[in-house]
$ cat work-v4.pdb   # PDB, C-alpha atoms
ATOM      1  CA  MET H   1      64.419  29.355  42.866
ATOM      2  CA  GLU H   2      67.437  29.609  40.604
ATOM      3  CA  VAL H   3      67.032  25.991  39.417
ATOM      4  CA  PHE H   4      63.443  26.590  38.344
ATOM      5  CA  GLU H   5      64.408  29.774  36.513
ATOM      6  CA  LYS H   6      67.089  27.881  34.576
ATOM      7  CA  LEU H   7      64.617  25.110  33.791
ATOM      8  CA  LEU H   8      62.111  27.633  32.458
ATOM      9  CA  ILE H   9      64.786  29.320  30.335
ATOM     10  CA  ILE H  10      65.804  25.964  28.864
ATOM     11  CA  LEU H  11      62.208  25.072  28.115
ATOM     12  CA  LYS H  12      61.517  28.486  26.566
ATOM     13  CA  ASN H  13      64.538  28.213  24.297
ATOM     14  CA  ASN H  14      63.693  24.768  22.971
ATOM     15  CA  SER H  15      60.103  23.997  22.049
ATOM     16  CA  MET H  16      60.883  20.293  21.516
ATOM     17  CA  LYS H  17      61.823  19.856  25.157
ATOM     18  CA  LYS H  18      58.626  21.597  26.144
ATOM     19  CA  LEU H  19      56.606  19.268  23.936
ATOM     20  CA  VAL H  20      58.299  16.150  25.330
ATOM     21  CA  LEU H  21      57.729  17.293  28.906
ATOM     22  CA  ILE H  22      54.052  17.975  28.314
ATOM     23  CA  LEU H  23      53.540  14.637  26.550
ATOM     24  CA  VAL H  24      55.313  12.695  29.292
ATOM     25  CA  LEU H  25      53.290  14.346  32.032
ATOM     26  CA  LEU H  26      50.007  13.833  30.186
ATOM     27  CA  PHE H  27      50.829  10.210  29.404
ATOM     28  CA  ALA H  28      51.789   9.420  32.987
ATOM     29  CA  ASN H  29      48.601  10.968  34.368
ATOM     30  CA  THR H  30      46.179   9.343  31.920
ATOM     31  CA  VAL H  31      47.439   5.759  32.023
ATOM     32  CA  PHE H  32      45.909   5.051  35.412
ATOM     33  CA  SER H  33      42.533   6.516  34.488
ATOM     34  CA  GLN H  34      42.007   4.248  31.481
ATOM     35  CA  GLN H  35      41.104   1.057  33.334
ATOM     36  CA  ILE H  36      37.910  -0.381  31.847
ATOM     37  CA  LYS H  37      35.393  -2.146  34.070
ATOM     38  CA  LEU H  38      32.716  -4.462  32.739
ATOM     39  CA  GLU H  39      29.523  -4.606  34.790
ATOM     40  CA  LYS H  40      26.300  -6.219  33.554
ATOM     41  CA  GLY H  41      27.327  -5.881  29.922
ATOM     42  CA  LYS H  42      28.165  -2.174  30.229
ATOM     43  CA  TYR H  43      31.594  -0.560  30.087
ATOM     44  CA  PHE H  44      32.808   1.940  32.678
ATOM     45  CA  VAL H  45      35.906   4.140  32.897
ATOM     46  CA  ASP H  46      36.371   6.109  36.125
ATOM     47  CA  GLY H  47      32.806   5.289  37.150
ATOM     48  CA  GLN H  48      31.274   6.749  33.984
ATOM     49  CA  GLN H  49      29.587   4.532  31.421
ATOM     50  CA  ILE H  50      31.112   4.599  27.958
ATOM     51  CA  SER H  51      29.721   3.331  24.672
ATOM     52  CA  THR H  52      30.886   0.276  22.778
ATOM     53  CA  ARG H  53      32.453   2.590  20.218
ATOM     54  CA  GLU H  54      34.484   4.397  22.900
ATOM     55  CA  THR H  55      35.496   1.043  24.358
ATOM     56  CA  ARG H  56      36.680  -0.101  20.938
ATOM     57  CA  GLN H  57      38.742   3.113  20.624
ATOM     58  CA  LEU H  58      40.400   2.516  24.000
ATOM     59  CA  LEU H  59      41.206  -1.088  23.119
ATOM     60  CA  LEU H  60      43.083  -0.044  19.970
ATOM     61  CA  THR H  61      46.264   0.328  22.023
ATOM     62  CA  ASP H  62      46.357  -3.439  22.656
ATOM     63  CA  TYR H  63      46.276  -5.633  19.538
ATOM     64  CA  LYS H  64      45.204  -8.830  21.322
ATOM     65  CA  ALA H  65      42.390  -7.057  23.155
ATOM     66  CA  THR H  66      41.210  -5.400  19.947
ATOM     67  CA  ARG H  67      41.079  -8.702  18.045
ATOM     68  CA  LEU H  68      39.206 -10.473  20.867
ATOM     69  CA  PHE H  69      36.717  -7.636  21.184
ATOM     70  CA  GLN H  70      36.099  -7.552  17.416
ATOM     71  CA  LYS H  71      35.596 -11.329  17.320
ATOM     72  CA  ALA H  72      33.126 -11.164  20.192
ATOM     73  CA  LYS H  73      31.173  -8.329  18.587
ATOM     74  CA  SER H  74      31.104 -10.207  15.255
ATOM     75  CA  LYS H  75      29.786 -13.305  16.997
ATOM     76  CA  GLU H  76      27.181 -11.187  18.736
ATOM     77  CA  GLY H  77      26.018  -9.622  15.471
ATOM     78  CA  ILE H  78      25.850 -12.842  13.458
ATOM     79  CA  GLY H  79      24.287 -14.844  16.294
ATOM     80  CA  GLY H  80      21.726 -12.135  16.999
ATOM     81  CA  LEU H  81      20.804 -11.943  13.319
ATOM     82  CA  LEU H  82      20.323 -15.709  13.100
ATOM     83  CA  LEU H  83      18.305 -15.822  16.326
ATOM     84  CA  GLY H  84      16.056 -12.977  15.171
ATOM     85  CA  ALA H  85      15.556 -14.548  11.750
ATOM     86  CA  GLY H  86      14.674 -17.905  13.326
ATOM     87  CA  ILE H  87      12.153 -16.339  15.686
ATOM     88  CA  ALA H  88      10.647 -14.308  12.833
ATOM     89  CA  MET H  89      10.254 -17.362  10.610
ATOM     90  CA  THR H  90       8.674 -19.436  13.381
ATOM     91  CA  VAL H  91       6.249 -16.719  14.478
ATOM     92  CA  THR H  92       5.321 -15.885  10.893
ATOM     93  CA  ASP H  93       4.570 -19.510  10.107
ATOM     94  CA  LEU H  94       2.535 -19.803  13.312
ATOM     95  CA  ALA H  95       0.500 -16.720  12.381
ATOM     96  CA  ILE H  96      -0.115 -18.074   8.882
ATOM     97  CA  GLY H  97      -1.151 -21.434  10.363
ATOM     98  CA  LEU H  98      -3.597 -19.835  12.806
ATOM     99  CA  PHE H  99      -5.285 -17.447  10.402
ATOM    100  CA  SER H 100      -5.483 -19.540   7.236
ATOM    101  CA  ASP H 101      -6.246 -23.049   6.154
ATOM    102  CA  VAL H 102      -2.571 -23.985   5.755
ATOM    103  CA  LYS H 103      -1.507 -26.975   7.834
ATOM    104  CA  TYR H 104       0.845 -25.963  10.657
ATOM    105  CA  PRO H 105       3.863 -26.534  11.021
ATOM    106  CA  THR H 106       5.384 -26.128   7.608
ATOM    107  CA  ALA H 107       9.003 -26.176   6.448
ATOM    108  CA  ILE H 108       9.357 -22.515   7.465
ATOM    109  CA  THR H 109       8.922 -23.458  11.141
ATOM    110  CA  TYR H 110      11.567 -26.182  10.903
ATOM    111  CA  VAL H 111      13.998 -23.830   9.164
ATOM    112  CA  GLY H 112      13.290 -21.190  11.847
ATOM    113  CA  VAL H 113      13.926 -23.632  14.693
ATOM    114  CA  ALA H 114      17.115 -24.845  12.991
ATOM    115  CA  THR H 115      18.287 -21.242  12.546
ATOM    116  CA  MET H 116      17.666 -20.541  16.247
ATOM    117  CA  ALA H 117      19.575 -23.713  17.162
ATOM    118  CA  ILE H 118      22.509 -22.658  14.994
ATOM    119  CA  SER H 119      22.599 -19.241  16.685
ATOM    120  CA  VAL H 120      23.146 -20.738  20.162
ATOM    121  CA  PRO H 121      26.731 -21.997  19.637
ATOM    122  CA  ILE H 122      27.579 -18.827  17.724
ATOM    123  CA  LEU H 123      26.365 -16.633  20.585
ATOM    124  CA  SER H 124      28.019 -18.736  23.270
ATOM    125  CA  GLY H 125      31.414 -17.579  24.444
ATOM    126  CA  ARG H 126      31.094 -13.953  23.373
ATOM    127  CA  ARG H 127      30.904 -12.643  26.951
ATOM    128  CA  LYS H 128      33.996 -14.599  27.880
ATOM    129  CA  MET H 129      35.846 -13.146  24.875
ATOM    130  CA  ILE H 130      34.812  -9.605  25.820
ATOM    131  CA  LYS H 131      35.960 -10.181  29.410
ATOM    132  CA  GLU H 132      39.307 -11.540  28.159
ATOM    133  CA  ALA H 133      39.723  -8.485  25.913
ATOM    134  CA  ILE H 134      39.012  -6.074  28.781
ATOM    135  CA  ASP H 135      41.344  -7.999  31.118
ATOM    136  CA  SER H 136      44.117  -8.024  28.503
ATOM    137  CA  TYR H 137      43.754  -4.277  27.974
ATOM    138  CA  ASN H 138      43.723  -3.552  31.716
ATOM    139  CA  GLN H 139      46.807  -5.720  32.231
ATOM    140  CA  THR H 140      48.663  -3.844  29.480
ATOM    141  CA  ALA H 141      47.592  -0.477  30.876
ATOM    142  CA  LYS H 142      48.706  -1.541  34.348
ATOM    143  CA  GLN H 143      52.124  -2.603  33.022
ATOM    144  CA  LEU H 144      52.570   0.710  31.206
ATOM    145  CA  GLY H 145      51.600   2.648  34.311
ATOM    146  CA  SER H 146      53.650   0.678  36.801
ATOM    147  CA  ASN H 147      57.014   1.863  38.097
ATOM    148  CA  ASP H 148      59.049  -1.000  36.692
ATOM    149  CA  ASP H 149      61.683  -0.540  33.990
ATOM    150  CA  SER H 150      59.159  -0.390  31.150
ATOM    151  CA  PHE H 151      58.773   3.409  31.390
ATOM    152  CA  LYS H 152      60.354   5.934  33.770
ATOM    153  CA  TYR H 153      61.039   9.627  33.665
ATOM    154  CA  GLN H 154      62.781  11.932  36.088
ATOM    155  CA  ILE H 155      64.371  15.358  36.237
ATOM    156  CA  VAL H 156      68.151  15.163  36.468
ATOM    157  CA  ALA H 157      70.885  17.739  37.020
ATOM    158  CA  ASN H 158      74.590  17.388  36.368
ATOM    159  CA  GLN H 159      77.561  19.531  35.294
ATOM    160  CA  ASN H 160      75.988  19.978  31.837
ATOM    161  CA  GLY H 161      72.714  21.398  33.147
ATOM    162  CA  ILE H 162      69.194  20.282  33.959
ATOM    163  CA  GLY H 163      67.145  17.862  31.885
ATOM    164  CA  ILE H 164      64.603  15.098  31.734
ATOM    165  CA  GLN H 165      65.694  11.483  31.641
ATOM    166  CA  LEU H 166      63.386   8.992  29.922
ATOM    167  CA  LYS H 167      63.809   5.233  30.264
ATOM    168  CA  PHE H 168      61.791   2.763  28.193
TER     169      PHE H 168
END

$ encode --input "work-v4.pdb" --output "C-alpha coordinates"
Amino acid sequence: MEVFEKLLIILKNNSMKKLVLILVLLFANTVFSQQIKLEKGKYFVDGQQISTRETRQLLLTDYKATRLFQKAKSKEGIGGLLLGAGIAMTVTDLAIGLFSDVKYPTAITYVGVATMAISVPILSGRRKMIKEAIDSYNQTAKQLGSNDDSFKYQIVANQNGIGIQLKF
(Lines of atoms letter the chains of each structure in order from A and count residues from 1; the text may use other names and numbers.)
(Lines give C-alpha, C1' and ligand atoms only; values in the text may rest on other atoms or scores of the structure.)
Protein backbone atom coordinates (compact mmCIF):
# COMPACT_ATOMS: atom_id res chain seq x y z
CA MET A 1 0.00 0.00 0.00
CA GLU A 2 2.82 2.37 0.86
CA VAL A 3 4.50 1.83 -2.54
CA PHE A 4 1.35 2.77 -4.42
CA GLU A 5 0.87 5.88 -2.28
CA LYS A 6 4.43 7.00 -3.07
CA LEU A 7 3.87 6.30 -6.76
CA LEU A 8 0.71 8.40 -6.74
CA ILE A 9 2.49 11.25 -4.94
CA ILE A 10 5.29 11.18 -7.51
CA LEU A 11 2.83 11.19 -10.37
CA LYS A 12 0.79 14.01 -8.82
CA ASN A 13 3.88 16.16 -8.36
CA ASN A 14 5.12 15.78 -11.91
CA SER A 15 2.63 16.00 -14.76
CA MET A 16 5.25 14.92 -17.32
CA LYS A 17 5.64 11.54 -15.67
CA LYS A 18 1.89 11.17 -15.65
CA LEU A 19 1.73 11.98 -19.36
CA VAL A 20 4.50 9.50 -20.22
CA LEU A 21 2.82 6.75 -18.21
CA ILE A 22 -0.53 7.29 -19.88
CA LEU A 23 1.02 7.38 -23.36
CA VAL A 24 3.03 4.21 -22.76
CA LEU A 25 0.01 2.32 -21.47
CA LEU A 26 -2.19 3.50 -24.34
CA PHE A 27 0.47 2.68 -26.93
CA ALA A 28 1.06 -0.80 -25.55
CA ASN A 29 -2.66 -1.61 -25.51
CA THR A 30 -3.47 -0.31 -29.00
CA VAL A 31 -0.61 -1.87 -30.96
CA PHE A 32 -2.13 -5.33 -30.92
CA SER A 33 -5.57 -4.13 -31.98
CA GLN A 34 -4.35 -2.46 -35.18
CA GLN A 35 -3.83 -5.58 -37.28
CA ILE A 36 -5.55 -5.12 -40.64
CA LYS A 37 -7.17 -8.08 -42.37
CA LEU A 38 -8.04 -8.10 -46.05
CA GLU A 39 -11.03 -10.25 -47.01
CA LYS A 40 -12.73 -10.09 -50.41
CA GLY A 41 -11.40 -6.61 -51.10
CA LYS A 42 -12.62 -5.20 -47.77
CA TYR A 43 -10.50 -4.11 -44.82
CA PHE A 44 -11.18 -5.25 -41.26
CA VAL A 45 -9.71 -4.25 -37.89
CA ASP A 46 -10.86 -6.25 -34.86
CA GLY A 47 -13.64 -7.80 -36.94
CA GLN A 48 -15.13 -4.44 -37.95
CA GLN A 49 -15.00 -3.24 -41.53
CA ILE A 50 -13.14 0.01 -42.09
CA SER A 51 -13.12 2.30 -45.11
CA THR A 52 -10.26 2.76 -47.55
CA ARG A 53 -9.66 6.18 -46.04
CA GLU A 54 -9.32 4.72 -42.53
CA THR A 55 -7.02 2.03 -43.90
CA ARG A 56 -4.85 4.69 -45.52
CA GLN A 57 -4.67 6.53 -42.17
CA LEU A 58 -3.55 3.37 -40.36
CA LEU A 59 -0.90 2.65 -42.99
CA LEU A 60 0.70 6.08 -42.50
CA THR A 61 2.86 4.64 -39.71
CA ASP A 62 4.72 2.44 -42.21
CA TYR A 63 6.30 4.27 -45.16
CA LYS A 64 6.69 1.20 -47.38
CA ALA A 65 3.10 0.11 -46.80
CA THR A 66 1.82 3.62 -47.49
CA ARG A 67 3.70 3.87 -50.80
CA LEU A 68 2.52 0.43 -51.96
CA PHE A 69 -1.07 1.19 -51.02
CA GLN A 70 -0.98 4.56 -52.82
CA LYS A 71 0.51 2.96 -55.94
CA ALA A 72 -2.16 0.26 -55.95
CA LYS A 73 -4.96 2.79 -55.52
CA SER A 74 -3.50 4.95 -58.31
CA LYS A 75 -3.35 1.94 -60.61
CA GLU A 76 -6.93 1.10 -59.69
CA GLY A 77 -8.14 4.62 -60.47
CA ILE A 78 -6.31 5.01 -63.78
CA GLY A 79 -7.11 1.48 -64.94
CA GLY A 80 -10.77 1.83 -63.98
CA LEU A 81 -11.01 5.14 -65.83
CA LEU A 82 -9.48 3.66 -68.98
CA LEU A 83 -11.69 0.56 -68.81
CA GLY A 84 -14.82 2.66 -68.35
CA ALA A 85 -13.87 5.01 -71.18
CA GLY A 86 -13.19 2.06 -73.50
CA ILE A 87 -16.52 0.43 -72.70
CA ALA A 88 -18.33 3.76 -73.14
CA MET A 89 -16.74 4.39 -76.53
CA THR A 90 -17.51 0.88 -77.78
CA VAL A 91 -21.12 0.90 -76.59
CA THR A 92 -21.71 4.40 -77.92
CA ASP A 93 -20.38 3.47 -81.33
CA LEU A 94 -22.51 0.31 -81.32
CA ALA A 95 -25.62 2.33 -80.47
CA ILE A 96 -24.86 4.83 -83.23
CA GLY A 97 -24.30 1.96 -85.68
CA LEU A 98 -27.59 0.28 -84.78
CA PHE A 99 -29.81 3.35 -84.87
CA SER A 100 -28.38 5.26 -87.83
CA ASP A 101 -27.07 4.64 -91.29
CA VAL A 102 -23.42 4.87 -90.21
CA LYS A 103 -21.37 1.79 -91.03
CA TYR A 104 -20.38 -0.12 -87.89
CA PRO A 105 -17.60 -0.46 -86.57
CA THR A 106 -15.93 2.89 -86.86
CA ALA A 107 -12.64 4.19 -85.46
CA ILE A 108 -14.36 4.90 -82.13
CA THR A 109 -14.89 1.16 -81.56
CA TYR A 110 -11.23 0.39 -82.30
CA VAL A 111 -10.06 3.16 -79.97
CA GLY A 112 -12.45 1.85 -77.28
CA VAL A 113 -11.17 -1.72 -77.61
CA ALA A 114 -7.57 -0.47 -77.53
CA THR A 115 -8.32 1.59 -74.40
CA MET A 116 -9.83 -1.48 -72.70
CA ALA A 117 -6.78 -3.53 -73.68
CA ILE A 118 -4.45 -0.90 -72.24
CA SER A 119 -6.39 -0.92 -68.95
CA VAL A 120 -5.77 -4.65 -68.36
CA PRO A 121 -2.01 -4.45 -67.62
CA ILE A 122 -2.56 -1.29 -65.59
CA LEU A 123 -5.19 -2.99 -63.43
CA SER A 124 -3.19 -6.19 -63.03
CA GLY A 125 -1.10 -6.48 -59.90
CA ARG A 126 -3.02 -3.96 -57.80
CA ARG A 127 -4.46 -6.61 -55.47
CA LYS A 128 -1.01 -8.06 -54.92
CA MET A 129 0.34 -4.59 -54.09
CA ILE A 130 -2.49 -3.97 -51.60
CA LYS A 131 -1.84 -7.36 -49.97
CA GLU A 132 1.89 -6.57 -49.73
CA ALA A 133 1.09 -3.19 -48.14
CA ILE A 134 -1.22 -4.77 -45.55
CA ASP A 135 1.32 -7.52 -44.81
CA SER A 136 4.13 -4.97 -44.43
CA TYR A 137 2.03 -2.90 -42.04
CA ASN A 138 0.99 -5.94 -39.99
CA GLN A 139 4.60 -7.11 -39.77
CA THR A 140 5.70 -3.68 -38.52
CA ALA A 141 2.86 -3.55 -36.00
CA LYS A 142 3.74 -7.04 -34.79
CA GLN A 143 7.40 -6.05 -34.32
CA LEU A 144 6.42 -2.94 -32.36
CA GLY A 145 4.09 -4.95 -30.16
CA SER A 146 6.38 -7.89 -29.53
CA ASN A 147 8.41 -8.28 -26.35
CA ASP A 148 11.82 -8.11 -27.98
CA ASP A 149 14.28 -5.28 -27.35
CA SER A 150 12.56 -2.86 -29.73
CA PHE A 151 10.28 -1.45 -27.00
CA LYS A 152 9.93 -2.36 -23.31
CA TYR A 153 8.67 -0.61 -20.24
CA GLN A 154 8.56 -1.64 -16.62
CA ILE A 155 8.16 -0.16 -13.16
CA VAL A 156 11.41 -0.16 -11.22
CA ALA A 157 12.33 0.68 -7.64
CA ASN A 158 15.76 1.39 -6.21
CA GLN A 159 17.38 3.52 -3.49
CA ASN A 160 16.42 6.69 -5.39
CA GLY A 161 12.71 5.89 -5.52
CA ILE A 162 10.15 4.40 -7.88
CA GLY A 163 9.99 5.05 -11.61
CA ILE A 164 9.26 3.78 -15.07
CA GLN A 165 12.02 2.37 -17.23
CA LEU A 166 11.62 2.65 -21.01
CA LYS A 167 13.81 0.74 -23.45
CA PHE A 168 13.71 1.37 -27.20

$ resolve_selection --input "work-v4.pdb" --expression "the PyMOL selection byres ((chain H and resi 117-121) around 8)" --output "JSON list (two decimals) with C-alpha atoms, keeping the file's coordinate frame"
[["chain", "number", "residue", "atom", "x", "y", "z"],
["H", 78, "ILE", "CA", 25.85, -12.84, 13.46],
["H", 79, "GLY", "CA", 24.29, -14.84, 16.29],
["H", 80, "GLY", "CA", 21.73, -12.14, 17.00],
["H", 82, "LEU", "CA", 20.32, -15.71, 13.10],
["H", 83, "LEU", "CA", 18.30, -15.82, 16.33],
["H", 113, "VAL", "CA", 13.93, -23.63, 14.69],
["H", 114, "ALA", "CA", 17.11, -24.84, 12.99],
["H", 115, "THR", "CA", 18.29, -21.24, 12.55],
["H", 116, "MET", "CA", 17.67, -20.54, 16.25],
["H", 122, "ILE", "CA", 27.58, -18.83, 17.72],
["H", 123, "LEU", "CA", 26.36, -16.63, 20.58],
["H", 124, "SER", "CA", 28.02, -18.74, 23.27]]

$ closest_residue --input "work-v4.pdb" --among "H:Gly161, H:Gly125, H:Pro105, H:Gly41" --to "Thr92 (chain H)" --atoms "all atoms listed in the file"
H:Pro105

$ resolve_selection --input "work-v4.pdb" --expression "the PyMOL selection byres ((chain H and resi 126) around 10)" --output "PyMOL selection string"
chain H and resi 68-69+71-76+79+121-125+127-132

$ resolve_selection --input "work-v4.pdb" --expression "the PyMOL selection byres ((chain H and resi 66) around 10)" --output "PDB file with C-alpha atoms, keeping the file's coordinate frame"
ATOM      1  CA  THR H  55      35.496   1.043  24.358  1.00  0.00           C
ATOM      2  CA  ARG H  56      36.680  -0.101  20.938  1.00  0.00           C
ATOM      3  CA  GLN H  57      38.742   3.113  20.624  1.00  0.00           C
ATOM      4  CA  LEU H  58      40.400   2.516  24.000  1.00  0.00           C
ATOM      5  CA  LEU H  59      41.206  -1.088  23.119  1.00  0.00           C
ATOM      6  CA  LEU H  60      43.083  -0.044  19.970  1.00  0.00           C
ATOM      7  CA  THR H  61      46.264   0.328  22.023  1.00  0.00           C
ATOM      8  CA  ASP H  62      46.357  -3.439  22.656  1.00  0.00           C
ATOM      9  CA  TYR H  63      46.276  -5.633  19.538  1.00  0.00           C
ATOM     10  CA  LYS H  64      45.204  -8.830  21.322  1.00  0.00           C
ATOM     11  CA  ALA H  65      42.390  -7.057  23.155  1.00  0.00           C
ATOM     12  CA  ARG H  67      41.079  -8.702  18.045  1.00  0.00           C
ATOM     13  CA  LEU H  68      39.206 -10.473  20.867  1.00  0.00           C
ATOM     14  CA  PHE H  69      36.717  -7.636  21.184  1.00  0.00           C
ATOM     15  CA  GLN H  70      36.099  -7.552  17.416  1.00  0.00           C
ATOM     16  CA  LYS H  71      35.596 -11.329  17.320  1.00  0.00           C
ATOM     17  CA  ALA H  72      33.126 -11.164  20.192  1.00  0.00           C
ATOM     18  CA  ILE H 130      34.812  -9.605  25.820  1.00  0.00           C
ATOM     19  CA  ALA H 133      39.723  -8.485  25.913  1.00  0.00           C
ATOM     20  CA  ILE H 134      39.012  -6.074  28.781  1.00  0.00           C
ATOM     21  CA  SER H 136      44.117  -8.024  28.503  1.00  0.00           C
ATOM     22  CA  TYR H 137      43.754  -4.277  27.974  1.00  0.00           C
TER      23      TYR H 137
END

$ closest_residue --input "work-v4.pdb" --among "H:Ala107, H:Ile50, H:Ala141, H:Ile155" --to "Asp93 (chain H)" --atoms "all atoms listed in the file"
H:Ala107

$ atom_distance --input "work-v4.pdb" --atom1 "CA of Thr140 (chain H)" --atom2 "CA of Thr52 (chain H)"
19.4 Å

$ closest_residue --input "work-v4.pdb" --among "H:Leu81, H:Ile36, H:Ala157, H:Leu94" --to "Tyr110 (chain H)" --atoms "all atoms listed in the file"
H:Leu94

$ residues_around --input "work-v4.pdb" --residues "Thr90 (chain H)" --least-positions-apart "6" --cutoff "7 Å" --atoms "only C-alpha atoms" --output "VMD selection string"
chain H and resid 108 to 109 112 to 113

$ atom_distance --input "work-v4.pdb" --atom1 "CA of Gln48 (chain H)" --atom2 "CA of Gly77 (chain H)"
25.3 Å

$ build_atoms --input "work-v4.pdb" --residues "region 117-128 of chain H" --atoms "all heavy atoms" --output "JSON list (two decimals), in the frame of the given file"
[["chain", "number", "residue", "atom", "x", "y", "z"],
["H", 117, "ALA", "N", 18.63, -22.76, 16.57],
["H", 117, "ALA", "CA", 19.58, -23.71, 17.16],
["H", 117, "ALA", "C", 21.01, -23.42, 16.72],
["H", 117, "ALA", "O", 21.94, -23.55, 17.51],
["H", 117, "ALA", "CB", 19.18, -25.13, 16.78],
["H", 118, "ILE", "N", 21.17, -23.00, 15.49],
["H", 118, "ILE", "CA", 22.51, -22.66, 14.99],
["H", 118, "ILE", "C", 23.05, -21.41, 15.69],
["H", 118, "ILE", "O", 24.25, -21.28, 15.93],
["H", 118, "ILE", "CB", 22.47, -22.46, 13.46],
["H", 118, "ILE", "CG1", 22.24, -23.79, 12.77],
["H", 118, "ILE", "CG2", 23.75, -21.82, 12.95],
["H", 118, "ILE", "CD1", 21.96, -23.68, 11.28],
["H", 119, "SER", "N", 22.15, -20.49, 16.06],
["H", 119, "SER", "CA", 22.60, -19.24, 16.68],
["H", 119, "SER", "C", 23.15, -19.46, 18.09],
["H", 119, "SER", "O", 23.98, -18.68, 18.55],
["H", 119, "SER", "CB", 21.46, -18.23, 16.72],
["H", 119, "SER", "OG", 20.49, -18.59, 17.68],
["H", 120, "VAL", "N", 22.71, -20.51, 18.77],
["H", 120, "VAL", "CA", 23.15, -20.74, 20.16],
["H", 120, "VAL", "C", 24.66, -20.94, 20.27],
["H", 120, "VAL", "O", 25.32, -20.26, 21.06],
["H", 120, "VAL", "CB", 22.35, -21.90, 20.80],
["H", 120, "VAL", "CG1", 22.92, -22.28, 22.15],
["H", 120, "VAL", "CG2", 20.89, -21.52, 20.93],
["H", 121, "PRO", "N", 25.27, -21.86, 19.51],
["H", 121, "PRO", "CA", 26.73, -22.00, 19.64],
["H", 121, "PRO", "C", 27.49, -20.77, 19.14],
["H", 121, "PRO", "O", 28.60, -20.49, 19.62],
["H", 121, "PRO", "CB", 27.08, -23.23, 18.80],
["H", 121, "PRO", "CG", 25.90, -23.53, 17.98],
["H", 121, "PRO", "CD", 24.71, -22.89, 18.62],
["H", 122, "ILE", "N", 26.91, -20.04, 18.20],
["H", 122, "ILE", "CA", 27.58, -18.83, 17.72],
["H", 122, "ILE", "C", 27.59, -17.77, 18.82],
["H", 122, "ILE", "O", 28.59, -17.09, 19.05],
["H", 122, "ILE", "CB", 26.91, -18.30, 16.44],
["H", 122, "ILE", "CG1", 27.14, -19.29, 15.31],
["H", 122, "ILE", "CG2", 27.45, -16.93, 16.07],
["H", 122, "ILE", "CD1", 26.41, -18.97, 14.03],
["H", 123, "LEU", "N", 26.46, -17.64, 19.52],
["H", 123, "LEU", "CA", 26.36, -16.63, 20.58],
["H", 123, "LEU", "C", 27.15, -17.02, 21.84],
["H", 123, "LEU", "O", 27.57, -16.16, 22.60],
["H", 123, "LEU", "CB", 24.90, -16.40, 20.96],
["H", 123, "LEU", "CG", 24.08, -15.58, 19.96],
["H", 123, "LEU", "CD1", 22.61, -15.63, 20.33],
["H", 123, "LEU", "CD2", 24.58, -14.17, 19.89],
["H", 124, "SER", "N", 27.33, -18.31, 22.05],
["H", 124, "SER", "CA", 28.02, -18.74, 23.27],
["H", 124, "SER", "C", 29.49, -18.35, 23.22],
["H", 124, "SER", "O", 30.13, -18.39, 22.18],
["H", 124, "SER", "CB", 27.89, -20.25, 23.46],
["H", 124, "SER", "OG", 28.60, -20.93, 22.46],
["H", 125, "GLY", "N", 30.00, -17.94, 24.33],
["H", 125, "GLY", "CA", 31.41, -17.58, 24.44],
["H", 125, "GLY", "C", 31.74, -16.13, 24.16],
["H", 125, "GLY", "O", 32.87, -15.70, 24.37],
["H", 126, "ARG", "N", 30.78, -15.34, 23.70],
["H", 126, "ARG", "CA", 31.09, -13.95, 23.37],
["H", 126, "ARG", "C", 31.37, -13.13, 24.62],
["H", 126, "ARG", "O", 32.25, -12.28, 24.62],
["H", 126, "ARG", "CB", 29.99, -13.32, 22.52],
["H", 126, "ARG", "CG", 28.73, -13.02, 23.26],
["H", 126, "ARG", "CD", 27.64, -12.49, 22.34],
["H", 126, "ARG", "NE", 26.53, -11.97, 23.07],
["H", 126, "ARG", "CZ", 25.62, -12.68, 23.71],
["H", 126, "ARG", "NH1", 25.73, -13.99, 23.74],
["H", 126, "ARG", "NH2", 24.63, -12.10, 24.35],
["H", 127, "ARG", "N", 30.66, -13.39, 25.71],
["H", 127, "ARG", "CA", 30.90, -12.64, 26.95],
["H", 127, "ARG", "C", 32.28, -12.95, 27.51],
["H", 127, "ARG", "O", 32.97, -12.07, 28.02],
["H", 127, "ARG", "CB", 29.83, -12.97, 27.99],
["H", 127, "ARG", "CG", 28.50, -12.35, 27.66],
["H", 127, "ARG", "CD", 27.52, -12.51, 28.80],
["H", 127, "ARG", "NE", 26.25, -11.92, 28.43],
["H", 127, "ARG", "CZ", 25.08, -12.49, 28.61],
["H", 127, "ARG", "NH1", 25.01, -13.68, 29.16],
["H", 127, "ARG", "NH2", 23.98, -11.88, 28.24],
["H", 128, "LYS", "N", 32.67, -14.21, 27.40],
["H", 128, "LYS", "CA", 34.00, -14.60, 27.88],
["H", 128, "LYS", "C", 35.09, -13.90, 27.05],
["H", 128, "LYS", "O", 36.09, -13.44, 27.60],
["H", 128, "LYS", "CB", 34.15, -16.11, 27.79],
["H", 128, "LYS", "CG", 35.47, -16.62, 28.33],
["H", 128, "LYS", "CD", 35.55, -18.12, 28.24],
["H", 128, "LYS", "CE", 36.91, -18.60, 28.71],
["H", 128, "LYS", "NZ", 37.09, -20.03, 28.53]]
